[in-house]
Amino acid sequence: MSSDIGAHPRIRSYVLRAGRVGSGQARALAEIGPRYLLPFQLQVVDLDAVFDRAAPHVLEIGFGMGEGLAETAATHPDTDFLGVEVHTPGVGALLKQIGERDLSNVRVIQHDAVEVLEHMIAPGSLAGVRIFFPDPWHKKRHHKRRLIQPPLVALLASRLAPGGFIHLATDWQDYAEQMLAVLSAEPLLQNTVADYAPRPDTRPLTKFEQRGLRLGHGVWDLIFRRV
């Protein structure tokens, strides 16, 4: 996924997979979706009005099935979270958890994240951005499809308030190295550590990650702040 900045056509960083929507997810989409799903629009959204309060706003791109986002929102009730995901089963799963946990501090947009950033998010309005385990596109000829590229990082940085953070995580070492290089080259961002950061408790361990760690797989976290 790349932004509209520049002359090249946009390359999508994701593949829309059919994915089976379970009955509980379908019910959540129908019953909880009308309150917590925000439709995509071509104008900036007033997040304070959406959440009916003034609080820090954190954007999560590609939340998967939503377990981590729901857990973080439950343990950080003073922060409002906006999740962006294109896959319907994941959106339904997160909405189901919102209902089960009675979370009032989460909203969901089912749309391309770059277009959401370009049109709906005001410059300097976010306290943080989270992108965990984006598709590594591990074949070298597909690396151009990776989400973390200079145009997107520049767009993300522009949407952060001073002091706001970008937190990335991957379990592919070469992607971690690319992420570190791209983030380090963005003049509006500064690394919070020398290179890779310890996993903070704001990123809960998923079952997938726990299984990988048991198998000896590495995970790399990067946390940069807006200067």
# chains A, B, ... in the order shown; residues from 1 in each chain; ligands from 1
>>> closest_atom_pairs(of="stretch 40-77 of chain A", to="stretch 90-111 of chain A", cutoff="8 Å", atoms="only C-alpha atoms", output="tab-separated table")
residue	atom	partner	partner_atom	distance
A:Phe40	CA	A:His111	CA	6.7
A:Phe51	CA	A:Asn105	CA	6.8
A:Phe63	CA	A:Gly90	CA	7.5
A:Gly64	CA	A:Gly90	CA	5.4
A:Met65	CA	A:Gly90	CA	4.1
A:Gly66	CA	A:Leu94	CA	4.7
A:Glu67	CA	A:Leu94	CA	7.0
A:Ala70	CA	A:Gln97	CA	6.6
A:Ala73	CA	A:Asn105	CA	6.6
A:Ala74	CA	A:Leu103	CA	6.7
A:Pro77	CA	A:Asn105	CA	6.6
>>> select_by_dssp(residues="stretch 64-163 of chain A", states="strand (DSSP E or B)", output="VMD selection string")
chain A and resid 80 to 84 106 to 109 126 to 132 160 to 163
>>> write_last_selection(atoms="C-alpha atoms", output="JSON list (two decimals), in the first residue's frame")
[["chain", "number", "residue", "atom", "x", "y", "z"],
["A", 80, "ASP", "CA", -9.71, 6.06, 22.12],
["A", 81, "PHE", "CA", -8.76, 3.55, 19.41],
["A", 82, "LEU", "CA", -9.62, 3.68, 15.72],
["A", 83, "GLY", "CA", -9.07, 0.35, 13.95],
["A", 84, "VAL", "CA", -8.74, 0.12, 10.17],
["A", 106, "VAL", "CA", -13.13, 1.63, 19.89],
["A", 107, "ARG", "CA", -14.41, 2.53, 16.42],
["A", 108, "VAL", "CA", -13.77, 0.65, 13.17],
["A", 109, "ILE", "CA", -13.32, 1.70, 9.55],
["A", 126, "LEU", "CA", -3.15, 11.32, 16.48],
["A", 127, "ALA", "CA", -1.41, 10.33, 19.71],
["A", 128, "GLY", "CA", -0.16, 7.14, 18.10],
["A", 129, "VAL", "CA", -0.19, 4.66, 15.23],
["A", 130, "ARG", "CA", 0.11, 0.88, 15.64],
["A", 131, "ILE", "CA", 0.89, -1.57, 12.81],
["A", 132, "PHE", "CA", 1.56, -5.10, 13.99],
["A", 160, "LEU", "CA", 0.87, 12.51, 14.50],
["A", 161, "ALA", "CA", 0.83, 15.23, 17.12],
["A", 162, "PRO", "CA", 4.27, 16.25, 18.45],
["A", 163, "GLY", "CA", 5.39, 13.47, 20.78]]
>>> closest_residue(among="A:Val153, A:Ser184, A:Phe165, A:Pro89", to="A:Gly24", atoms="only C-alpha atoms")
A:Pro89
>>> select_by_dssp(residues="stretch 17-77 of chain A", states="alpha helix (DSSP H)", output="PyMOL selection string")
chain A and resi 23-31+33-36+47-51+67-75
>>> write_last_selection(atoms="N, CA and C atoms", output="tab-separated table (two decimals), in the first residue's frame")
chain	number	residue	atom	x	y	z
A	23	SER	N	-21.23	-17.01	12.25
A	23	SER	CA	-22.55	-16.50	12.63
A	23	SER	C	-22.45	-15.40	13.68
A	24	GLY	N	-21.51	-15.57	14.63
A	24	GLY	CA	-21.33	-14.54	15.65
A	24	GLY	C	-20.79	-13.25	15.07
A	25	GLN	N	-19.88	-13.38	14.10
A	25	GLN	CA	-19.35	-12.19	13.45
A	25	GLN	C	-20.43	-11.49	12.62
A	26	ALA	N	-21.24	-12.29	11.92
A	26	ALA	CA	-22.31	-11.71	11.11
A	26	ALA	C	-23.32	-10.98	12.00
A	27	ARG	N	-23.62	-11.56	13.16
A	27	ARG	CA	-24.55	-10.92	14.08
A	27	ARG	C	-23.97	-9.61	14.61
A	28	ALA	N	-22.67	-9.62	14.91
A	28	ALA	CA	-22.02	-8.40	15.39
A	28	ALA	C	-22.01	-7.32	14.32
A	29	LEU	N	-21.76	-7.70	13.07
A	29	LEU	CA	-21.78	-6.74	11.97
A	29	LEU	C	-23.16	-6.09	11.86
A	30	ALA	N	-24.20	-6.90	12.02
A	30	ALA	CA	-25.56	-6.40	11.86
A	30	ALA	C	-26.03	-5.59	13.07
A	31	GLU	N	-25.68	-6.06	14.27
A	31	GLU	CA	-26.24	-5.45	15.47
A	31	GLU	C	-25.33	-4.39	16.10
A	33	GLY	N	-22.35	-3.20	14.42
A	33	GLY	CA	-21.76	-2.39	13.36
A	33	GLY	C	-22.37	-1.01	13.20
A	34	PRO	N	-23.70	-0.87	13.20
A	34	PRO	CA	-24.27	0.47	12.99
A	34	PRO	C	-23.79	1.53	13.98
A	35	ARG	N	-23.42	1.10	15.18
A	35	ARG	CA	-22.95	2.07	16.18
A	35	ARG	C	-21.45	2.29	16.12
A	36	TYR	N	-20.68	1.23	15.83
A	36	TYR	CA	-19.23	1.32	15.97
A	36	TYR	C	-18.46	1.36	14.66
A	47	LEU	N	-12.89	13.31	15.56
A	47	LEU	CA	-12.81	12.13	16.43
A	47	LEU	C	-13.35	12.40	17.83
A	48	ASP	N	-13.20	13.62	18.32
A	48	ASP	CA	-13.78	13.94	19.63
A	48	ASP	C	-15.30	13.78	19.58
A	49	ALA	N	-15.91	14.18	18.46
A	49	ALA	CA	-17.36	14.04	18.32
A	49	ALA	C	-17.75	12.57	18.18
A	50	VAL	N	-16.93	11.80	17.45
A	50	VAL	CA	-17.21	10.38	17.26
A	50	VAL	C	-17.23	9.64	18.59
A	51	PHE	N	-16.24	9.93	19.43
A	51	PHE	CA	-16.13	9.22	20.72
A	51	PHE	C	-16.86	9.96	21.84
A	67	GLU	N	-8.04	-9.29	18.41
A	67	GLU	CA	-7.84	-9.66	19.82
A	67	GLU	C	-6.95	-8.65	20.55
A	68	GLY	N	-5.83	-8.31	19.91
A	68	GLY	CA	-4.89	-7.39	20.56
A	68	GLY	C	-5.46	-6.00	20.76
A	69	LEU	N	-6.18	-5.51	19.75
A	69	LEU	CA	-6.78	-4.18	19.86
A	69	LEU	C	-7.84	-4.15	20.95
A	70	ALA	N	-8.67	-5.17	21.02
A	70	ALA	CA	-9.70	-5.22	22.05
A	70	ALA	C	-9.09	-5.28	23.44
A	71	GLU	N	-8.03	-6.09	23.59
A	71	GLU	CA	-7.36	-6.21	24.90
A	71	GLU	C	-6.75	-4.88	25.32
A	72	THR	N	-6.08	-4.21	24.38
A	72	THR	CA	-5.45	-2.93	24.70
A	72	THR	C	-6.49	-1.88	25.04
A	73	ALA	N	-7.59	-1.85	24.30
A	73	ALA	CA	-8.65	-0.89	24.59
A	73	ALA	C	-9.27	-1.14	25.95
A	74	ALA	N	-9.42	-2.41	26.32
A	74	ALA	CA	-10.01	-2.75	27.62
A	74	ALA	C	-9.11	-2.31	28.77
A	75	THR	N	-7.79	-2.38	28.57
A	75	THR	CA	-6.86	-2.04	29.65
A	75	THR	C	-6.42	-0.58	29.61
>>> residues_around(residues="stretch 194-201 of chain A", least_positions_apart="3", cutoff="8 Å", atoms="only C-alpha atoms", output="list of chain:residue names")
A:Leu180, A:Asn191, A:Pro204, A:Trp220, A:Asp221, A:Leu222, A:Ile223
